[in-house]
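Okay, so here's the structure we're looking at.
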Amino acid sequence: MAESELDPRRGMLEGLLQPWHQAVEDPGEAQEGVLARLLKGYAATRYGKEHGGSQIEAVEDYRRAFPVATYKDYEPLLERVMEGEVDLLLNEEPVGWAITRGTTGEEKFIPMTPTDIMMRASAGRAMMNYVAESGRYDLFQGVNLNLNYPSVVGTVRAGDREVEYGYSSGIYVKHVSAQTPIRSVPSQEEIDALGGGKSGQAWEARFELAYERCRDEDVTLVGGVAPTALRFARYLRRQHGLYPKDVWQPRIATLGSVPGINTRYSSAIRALYGPAVVREIYGTTEGIFGQQRDEKRAWVPNYDLFFFEVKVDPSPLGLPGRLGVGRADGTVKMLHEMRPGEMGSLVVSTPTLPRYEIGDLILALRSPYFRCIGRDRWWTPLHYAWHEFMTLNLGRL
C-alpha cells in the first residue's frame, strides 16, 4: 500500500502541492498554460480587448500586444474601476480593495477578486510542504497566531459610492481561513472589530487580543509579516514579562513582506519564539508569488499561478547605471530563464494586472531558487552585498 494511502492527510497535501512541484519541474510548459488562462480573463475586459487579448497565442505576441506597465501607468485605470467601471480591468466584481502599508513609498490601491483571493491560498504551501516532508501532522491540531493587519481600515469616496479598503493579508484571512487546514486565532472578524487604526495604541489592542485569545491555545504556526511578529514579541515582554517561547512552542513560522527573512530575521524569530522552522513567503499587495520549499534559504516561484517575466539589467553586477523602475532599457526574459547571479526587475501578470512591473529587484540563485533583495533602486545590490557580508551569509543558499 502506498504511503499516501496510509494517511489520508498526506494524500490531501500531495494533491494540493502537486501543481506547484510539477510546474517547478517544467516551468516553460507551466507558464504557457498560465498565460493561456490569464488571456481568457483579459479578453473579457475592455483593457484586454483593446490589446487584442483574444487573438494572442504565443509569449512573443503577448509582449508585442501588452506593454509593461507600472502602478503609475495603471493608477488612472484603477481609479475608474473603483468608481464603478469594473469591466475596464476586471472580469469579476472585487471582494475588497487592498492598500499597501507604504513600504514602497507610495500607497497603492489594488482590487482583490474571488479568483485572486483563492490564488493567495498558495501562501500555505510553505507550511503544507513542511508537514508533508516532516510528517508533523500535529501542526494541524493547533492554531495559527493571527497577527495580520485589519481587512478594513477605512473608506474612500468613489463617485457616488463609499468603497471599503484594508490590507491584503486581512482580506485574505477573512475570506478563506475557514478553508485552510489550520484555524487562525483570533479570527479576522475579531481583529476588524477593533478598528483600522495604525497608532501604537491600536496595535497594542490587537496584540492584547491575540495574547488573550491564544494564551490557552497550542500555537503551532506563526504566519504573517516578519516585523509585526517581532513587534508582538516585544509587546508581550514589555506588557506581560513573557516571550512567546514562554507561552507557546510553534513548529513553524511562515513570514514575509520584507527581504532577508532567512538571513536577517530568522535568528531573532527563533530567539523570541523558540526553535521553530522558518519559511519565507514572497508576497506583496498584488499577490503571493512564491514561498520557501525546503531548507534552502530562498523562495520558489508559483509558476502554476502567475506569469513571470523579468527586466534584466545589461550592465555588470547591477551596480550604478542599472535600470531603475519604469525605464525602458534592459532585456525582458522569462523569470525561469535567468542565470544564477543575474538580477532584474520583476514583471508579473496577475488575474487583474497584465505585465505589471511591481518594482522589486529579484536575484536568481541556483534553479529554482530566487530572492527578492529589495526595491528596484541602483543601491539595492550594494545594500544586499553589505548585509550578506555582515551576516556571513555570502550568497549561500
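By order of appearance in the C-alpha cells: chains A, B, ..., then residues from 1 within every chain, and ligands from 1 in the order shown.
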
>> Just want the 12 Å neighbourhood of A:Ser267, counted on only C-alpha atoms, with same-chain residues fewer than 4 positions away dropped. Output as a PyMOL selection string.
In response: chain A and resi 226+230+253+260-263+271-278+391

Alpha helix (DSSP H) positions in stretch 203-386 of chain A, given as an mmCIF file with N, CA and C atoms, in the first residue's frame:
```
data_model
loop_
_atom_site.group_PDB
_atom_site.id
_atom_site.type_symbol
_atom_site.label_atom_id
_atom_site.label_comp_id
_atom_site.auth_asym_id
_atom_site.auth_seq_id
_atom_site.Cartn_x
_atom_site.Cartn_y
_atom_site.Cartn_z
ATOM 1 N N TRP A 203 -2.275 49.096 17.734
ATOM 2 C CA TRP A 203 -1.560 47.825 17.626
ATOM 3 C C TRP A 203 -1.485 47.103 18.971
ATOM 4 N N GLU A 204 -1.367 47.837 20.044
ATOM 5 C CA GLU A 204 -1.357 47.196 21.356
ATOM 6 C C GLU A 204 -2.689 46.510 21.636
ATOM 7 N N ALA A 205 -3.781 47.104 21.185
ATOM 8 C CA ALA A 205 -5.098 46.467 21.352
ATOM 9 C C ALA A 205 -5.159 45.162 20.572
ATOM 10 N N ARG A 206 -4.619 45.147 19.361
ATOM 11 C CA ARG A 206 -4.613 43.913 18.565
ATOM 12 C C ARG A 206 -3.705 42.860 19.195
ATOM 13 N N PHE A 207 -2.554 43.296 19.684
ATOM 14 C CA PHE A 207 -1.633 42.344 20.309
ATOM 15 C C PHE A 207 -2.233 41.757 21.584
ATOM 16 N N GLU A 208 -2.913 42.575 22.367
ATOM 17 C CA GLU A 208 -3.530 42.076 23.594
ATOM 18 C C GLU A 208 -4.633 41.078 23.254
ATOM 19 N N LEU A 209 -5.398 41.376 22.205
ATOM 20 C CA LEU A 209 -6.420 40.432 21.759
ATOM 21 C C LEU A 209 -5.798 39.097 21.363
ATOM 22 N N ALA A 210 -4.692 39.152 20.608
ATOM 23 C CA ALA A 210 -4.024 37.918 20.179
ATOM 24 C C ALA A 210 -3.529 37.118 21.380
ATOM 25 N N TYR A 211 -2.956 37.810 22.360
ATOM 26 C CA TYR A 211 -2.460 37.113 23.551
ATOM 27 C C TYR A 211 -3.600 36.490 24.344
ATOM 28 N N GLU A 212 -4.656 37.240 24.582
ATOM 29 C CA GLU A 212 -5.778 36.733 25.364
ATOM 30 C C GLU A 212 -6.454 35.544 24.676
ATOM 31 N N ARG A 213 -6.622 35.618 23.370
ATOM 32 C CA ARG A 213 -7.321 34.555 22.646
ATOM 33 C C ARG A 213 -6.456 33.316 22.468
ATOM 34 N N CYS A 214 -5.139 33.482 22.420
ATOM 35 C CA CYS A 214 -4.235 32.348 22.159
ATOM 36 C C CYS A 214 -3.531 31.837 23.408
ATOM 37 N N ALA A 226 6.926 39.654 9.040
ATOM 38 C CA ALA A 226 8.034 39.414 9.966
ATOM 39 C C ALA A 226 8.219 40.543 10.990
ATOM 40 N N PRO A 227 8.271 41.815 10.599
ATOM 41 C CA PRO A 227 8.435 42.877 11.609
ATOM 42 C C PRO A 227 7.293 42.905 12.625
ATOM 43 N N THR A 228 6.070 42.534 12.199
ATOM 44 C CA THR A 228 4.945 42.506 13.141
ATOM 45 C C THR A 228 5.130 41.404 14.171
ATOM 46 N N ALA A 229 5.629 40.251 13.730
ATOM 47 C CA ALA A 229 5.887 39.153 14.673
ATOM 48 C C ALA A 229 6.911 39.569 15.721
ATOM 49 N N LEU A 230 7.932 40.303 15.325
ATOM 50 C CA LEU A 230 8.937 40.791 16.277
ATOM 51 C C LEU A 230 8.338 41.851 17.201
ATOM 52 N N ARG A 231 7.515 42.705 16.644
ATOM 53 C CA ARG A 231 6.875 43.756 17.430
ATOM 54 C C ARG A 231 5.946 43.158 18.487
ATOM 55 N N PHE A 232 5.230 42.103 18.107
ATOM 56 C CA PHE A 232 4.352 41.428 19.063
ATOM 57 C C PHE A 232 5.164 40.824 20.204
ATOM 58 N N ALA A 233 6.306 40.214 19.881
ATOM 59 C CA ALA A 233 7.152 39.611 20.909
ATOM 60 C C ALA A 233 7.649 40.662 21.896
ATOM 61 N N ARG A 234 8.017 41.831 21.385
ATOM 62 C CA ARG A 234 8.476 42.906 22.278
ATOM 63 C C ARG A 234 7.332 43.408 23.153
ATOM 64 N N TYR A 235 6.141 43.497 22.567
ATOM 65 C CA TYR A 235 4.971 43.912 23.353
ATOM 66 C C TYR A 235 4.712 42.913 24.480
ATOM 67 N N LEU A 236 4.770 41.641 24.179
ATOM 68 C CA LEU A 236 4.491 40.607 25.173
ATOM 69 C C LEU A 236 5.497 40.680 26.330
ATOM 70 N N ARG A 237 6.751 40.919 26.001
ATOM 71 C CA ARG A 237 7.768 41.033 27.038
ATOM 72 C C ARG A 237 7.535 42.274 27.891
ATOM 73 N N ARG A 238 7.228 43.384 27.243
ATOM 74 C CA ARG A 238 7.046 44.639 27.966
ATOM 75 C C ARG A 238 5.785 44.631 28.821
ATOM 76 N N GLN A 239 4.700 44.072 28.285
ATOM 77 C CA GLN A 239 3.404 44.148 28.957
ATOM 78 C C GLN A 239 3.176 43.012 29.935
ATOM 79 N N HIS A 240 3.686 41.814 29.621
ATOM 80 C CA HIS A 240 3.381 40.637 30.447
ATOM 81 C C HIS A 240 4.622 39.938 30.998
ATOM 82 N N PRO A 244 7.231 35.000 23.608
ATOM 83 C CA PRO A 244 6.336 33.996 23.015
ATOM 84 C C PRO A 244 6.744 32.563 23.323
ATOM 85 N N LYS A 245 8.057 32.284 23.375
ATOM 86 C CA LYS A 245 8.519 30.916 23.635
ATOM 87 C C LYS A 245 8.191 30.463 25.058
ATOM 88 N N ASP A 246 7.876 31.412 25.941
ATOM 89 C CA ASP A 246 7.470 31.044 27.302
ATOM 90 C C ASP A 246 6.018 30.589 27.355
ATOM 91 N N VAL A 247 5.256 30.901 26.316
ATOM 92 C CA VAL A 247 3.830 30.602 26.286
ATOM 93 C C VAL A 247 3.514 29.484 25.301
ATOM 94 N N SER A 266 15.582 35.506 10.852
ATOM 95 C CA SER A 266 15.339 34.175 11.416
ATOM 96 C C SER A 266 15.955 34.004 12.800
ATOM 97 N N SER A 267 17.147 34.557 13.034
ATOM 98 C CA SER A 267 17.783 34.409 14.349
ATOM 99 C C SER A 267 16.949 35.066 15.441
ATOM 100 N N ALA A 268 16.430 36.261 15.160
ATOM 101 C CA ALA A 268 15.595 36.957 16.141
ATOM 102 C C ALA A 268 14.289 36.212 16.369
ATOM 103 N N ILE A 269 13.691 35.682 15.304
ATOM 104 C CA ILE A 269 12.440 34.933 15.440
ATOM 105 C C ILE A 269 12.649 33.717 16.331
ATOM 106 N N ARG A 270 13.720 32.975 16.112
ATOM 107 C CA ARG A 270 13.975 31.783 16.930
ATOM 108 C C ARG A 270 14.321 32.153 18.370
ATOM 109 N N ALA A 271 15.014 33.256 18.561
ATOM 110 C CA ALA A 271 15.346 33.684 19.922
ATOM 111 C C ALA A 271 14.093 34.027 20.716
ATOM 112 N N LEU A 272 13.093 34.590 20.043
ATOM 113 C CA LEU A 272 11.876 35.033 20.717
ATOM 114 C C LEU A 272 10.782 33.978 20.753
ATOM 115 N N TYR A 273 10.698 33.156 19.714
ATOM 116 C CA TYR A 273 9.610 32.179 19.597
ATOM 117 C C TYR A 273 10.048 30.740 19.840
ATOM 118 N N THR A 380 20.340 49.074 -4.237
ATOM 119 C CA THR A 380 19.877 47.831 -3.607
ATOM 120 C C THR A 380 20.910 46.707 -3.670
ATOM 121 N N PRO A 381 21.576 46.465 -4.820
ATOM 122 C CA PRO A 381 22.604 45.414 -4.822
ATOM 123 C C PRO A 381 23.727 45.674 -3.834
ATOM 124 N N LEU A 382 24.081 46.953 -3.636
ATOM 125 C CA LEU A 382 25.127 47.284 -2.671
ATOM 126 C C LEU A 382 24.668 46.972 -1.247
ATOM 127 N N HIS A 383 23.419 47.332 -0.927
ATOM 128 C CA HIS A 383 22.876 47.024 0.398
ATOM 129 C C HIS A 383 22.824 45.513 0.603
ATOM 130 N N TYR A 384 22.401 44.791 -0.422
ATOM 131 C CA TYR A 384 22.314 43.336 -0.306
ATOM 132 C C TYR A 384 23.697 42.728 -0.049
ATOM 133 N N ALA A 385 24.701 43.179 -0.823
ATOM 134 C CA ALA A 385 26.051 42.653 -0.638
ATOM 135 C C ALA A 385 26.570 42.949 0.766
ATOM 136 N N TRP A 386 26.251 44.152 1.281
ATOM 137 C CA TRP A 386 26.699 44.518 2.631
ATOM 138 C C TRP A 386 26.042 43.626 3.678
#
```

Show me, as JSON lines, the residues of stretch 260-373 of chain A having an atom within 9 Å of stretch 106-112 of chain A, each with the closest atom pair and its distance in Å, using only C-alpha atoms.
```
{"residue": "A:Thr285", "atom": "CA", "partner": "A:Ile110", "partner_atom": "CA", "distance": 7.1}
{"residue": "A:Glu286", "atom": "CA", "partner": "A:Ile110", "partner_atom": "CA", "distance": 6.6}
{"residue": "A:Thr352", "atom": "CA", "partner": "A:Pro111", "partner_atom": "CA", "distance": 7.7}
```

Keeping only N, CA and C atoms, take the residues you just selected and write them out as a JSON list (two decimals), in the first residue's frame.
```json
[["chain", "number", "residue", "atom", "x", "y", "z"],
["A", 285, "THR", "N", 1.13, 43.17, -1.96],
["A", 285, "THR", "CA", -0.28, 43.51, -2.03],
["A", 285, "THR", "C", -0.93, 42.92, -3.27],
["A", 286, "GLU", "N", -0.14, 42.73, -4.32],
["A", 286, "GLU", "CA", -0.68, 42.25, -5.60],
["A", 286, "GLU", "C", -0.83, 40.74, -5.67],
["A", 352, "THR", "N", -5.62, 40.41, -12.49],
["A", 352, "THR", "CA", -6.13, 41.77, -12.64],
["A", 352, "THR", "C", -5.18, 42.71, -13.37]]
```

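In terms of minimum interatomic distance to A:Tyr62, A:Pro354 ranks closest within A:Pro354, A:Gly224, A:Pro27, A:Gly33, counting only C-alpha atoms.
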
Within 12 Å of stretch 113-121 of chain A: each stretch 294-396 of chain A residue with its shortest pair, only C-alpha atoms, as JSON lines:
```
{"residue": "A:Asn302", "atom": "CA", "partner": "A:Met119", "partner_atom": "CA", "distance": 9.7}
{"residue": "A:Tyr303", "atom": "CA", "partner": "A:Met119", "partner_atom": "CA", "distance": 11.8}
{"residue": "A:Asp304", "atom": "CA", "partner": "A:Met119", "partner_atom": "CA", "distance": 10.0}
{"residue": "A:Leu305", "atom": "CA", "partner": "A:Met119", "partner_atom": "CA", "distance": 7.0}
{"residue": "A:Phe306", "atom": "CA", "partner": "A:Met119", "partner_atom": "CA", "distance": 9.1}
{"residue": "A:Ser349", "atom": "CA", "partner": "A:Asp116", "partner_atom": "CA", "distance": 11.8}
{"residue": "A:Thr350", "atom": "CA", "partner": "A:Asp116", "partner_atom": "CA", "distance": 8.0}
{"residue": "A:Pro351", "atom": "CA", "partner": "A:Asp116", "partner_atom": "CA", "distance": 6.5}
{"residue": "A:Thr352", "atom": "CA", "partner": "A:Asp116", "partner_atom": "CA", "distance": 8.0}
{"residue": "A:Leu353", "atom": "CA", "partner": "A:Asp116", "partner_atom": "CA", "distance": 10.9}
```

> In Å to one decimal, how far is atom CA of A:Val347 from atom CA of A:Tyr130?
Replying inline: 28.6 Å

> Out of stretch 151-195 of chain A, which residues get strand (DSSP E or B) from DSSP, as a ChimeraX atom specification?
Replying inline: /A:154-158,161-166,183-185

Same residues, N, CA and C atoms, saved as a PDB file, in the first residue's frame:
```
ATOM      1  N   GLY A 154     -10.661  51.646   6.399  1.00  0.00           N
ATOM      2  CA  GLY A 154     -11.300  52.911   6.069  1.00  0.00           C
ATOM      3  C   GLY A 154     -12.108  52.816   4.802  1.00  0.00           C
ATOM      4  N   THR A 155     -12.606  53.932   4.359  1.00  0.00           N
ATOM      5  CA  THR A 155     -13.366  54.003   3.115  1.00  0.00           C
ATOM      6  C   THR A 155     -12.831  55.153   2.269  1.00  0.00           C
ATOM      7  N   VAL A 156     -13.056  55.034   0.973  1.00  0.00           N
ATOM      8  CA  VAL A 156     -12.673  56.088   0.053  1.00  0.00           C
ATOM      9  C   VAL A 156     -13.866  56.394  -0.837  1.00  0.00           C
ATOM     10  N   ARG A 157     -14.055  57.654  -1.151  1.00  0.00           N
ATOM     11  CA  ARG A 157     -15.163  58.068  -1.994  1.00  0.00           C
ATOM     12  C   ARG A 157     -14.851  57.714  -3.443  1.00  0.00           C
ATOM     13  N   ALA A 158     -15.738  56.972  -4.087  1.00  0.00           N
ATOM     14  CA  ALA A 158     -15.589  56.582  -5.481  1.00  0.00           C
ATOM     15  C   ALA A 158     -16.875  56.940  -6.210  1.00  0.00           C
ATOM     16  N   ARG A 161     -20.235  56.423  -4.426  1.00  0.00           N
ATOM     17  CA  ARG A 161     -20.167  55.285  -3.517  1.00  0.00           C
ATOM     18  C   ARG A 161     -19.039  55.462  -2.515  1.00  0.00           C
ATOM     19  N   GLU A 162     -19.170  54.753  -1.374  1.00  0.00           N
ATOM     20  CA  GLU A 162     -18.092  54.644  -0.400  1.00  0.00           C
ATOM     21  C   GLU A 162     -17.524  53.234  -0.511  1.00  0.00           C
ATOM     22  N   VAL A 163     -16.247  53.124  -0.822  1.00  0.00           N
ATOM     23  CA  VAL A 163     -15.609  51.818  -1.026  1.00  0.00           C
ATOM     24  C   VAL A 163     -14.698  51.514   0.164  1.00  0.00           C
ATOM     25  N   GLU A 164     -14.887  50.356   0.793  1.00  0.00           N
ATOM     26  CA  GLU A 164     -14.036  49.938   1.907  1.00  0.00           C
ATOM     27  C   GLU A 164     -12.683  49.458   1.375  1.00  0.00           C
ATOM     28  N   TYR A 165     -11.640  49.720   2.139  1.00  0.00           N
ATOM     29  CA  TYR A 165     -10.324  49.186   1.792  1.00  0.00           C
ATOM     30  C   TYR A 165      -9.640  48.709   3.069  1.00  0.00           C
ATOM     31  N   GLY A 166      -8.725  47.775   2.893  1.00  0.00           N
ATOM     32  CA  GLY A 166      -7.974  47.228   4.015  1.00  0.00           C
ATOM     33  C   GLY A 166      -6.673  46.626   3.512  1.00  0.00           C
ATOM     34  N   ARG A 183      -6.683  26.495  11.981  1.00  0.00           N
ATOM     35  CA  ARG A 183      -7.539  27.609  12.383  1.00  0.00           C
ATOM     36  C   ARG A 183      -6.701  28.811  12.811  1.00  0.00           C
ATOM     37  N   SER A 184      -7.119  30.014  12.379  1.00  0.00           N
ATOM     38  CA  SER A 184      -6.439  31.244  12.770  1.00  0.00           C
ATOM     39  C   SER A 184      -7.134  31.862  13.977  1.00  0.00           C
ATOM     40  N   VAL A 185      -6.337  32.216  14.997  1.00  0.00           N
ATOM     41  CA  VAL A 185      -6.849  32.820  16.227  1.00  0.00           C
ATOM     42  C   VAL A 185      -5.975  34.042  16.560  1.00  0.00           C
TER      43      VAL A 185
END
```

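The residue that comes closest to A:Leu17, out of A:Ala132, A:Leu39, A:Leu88, A:Leu394 and on the basis of only C-alpha atoms, is A:Ala132.
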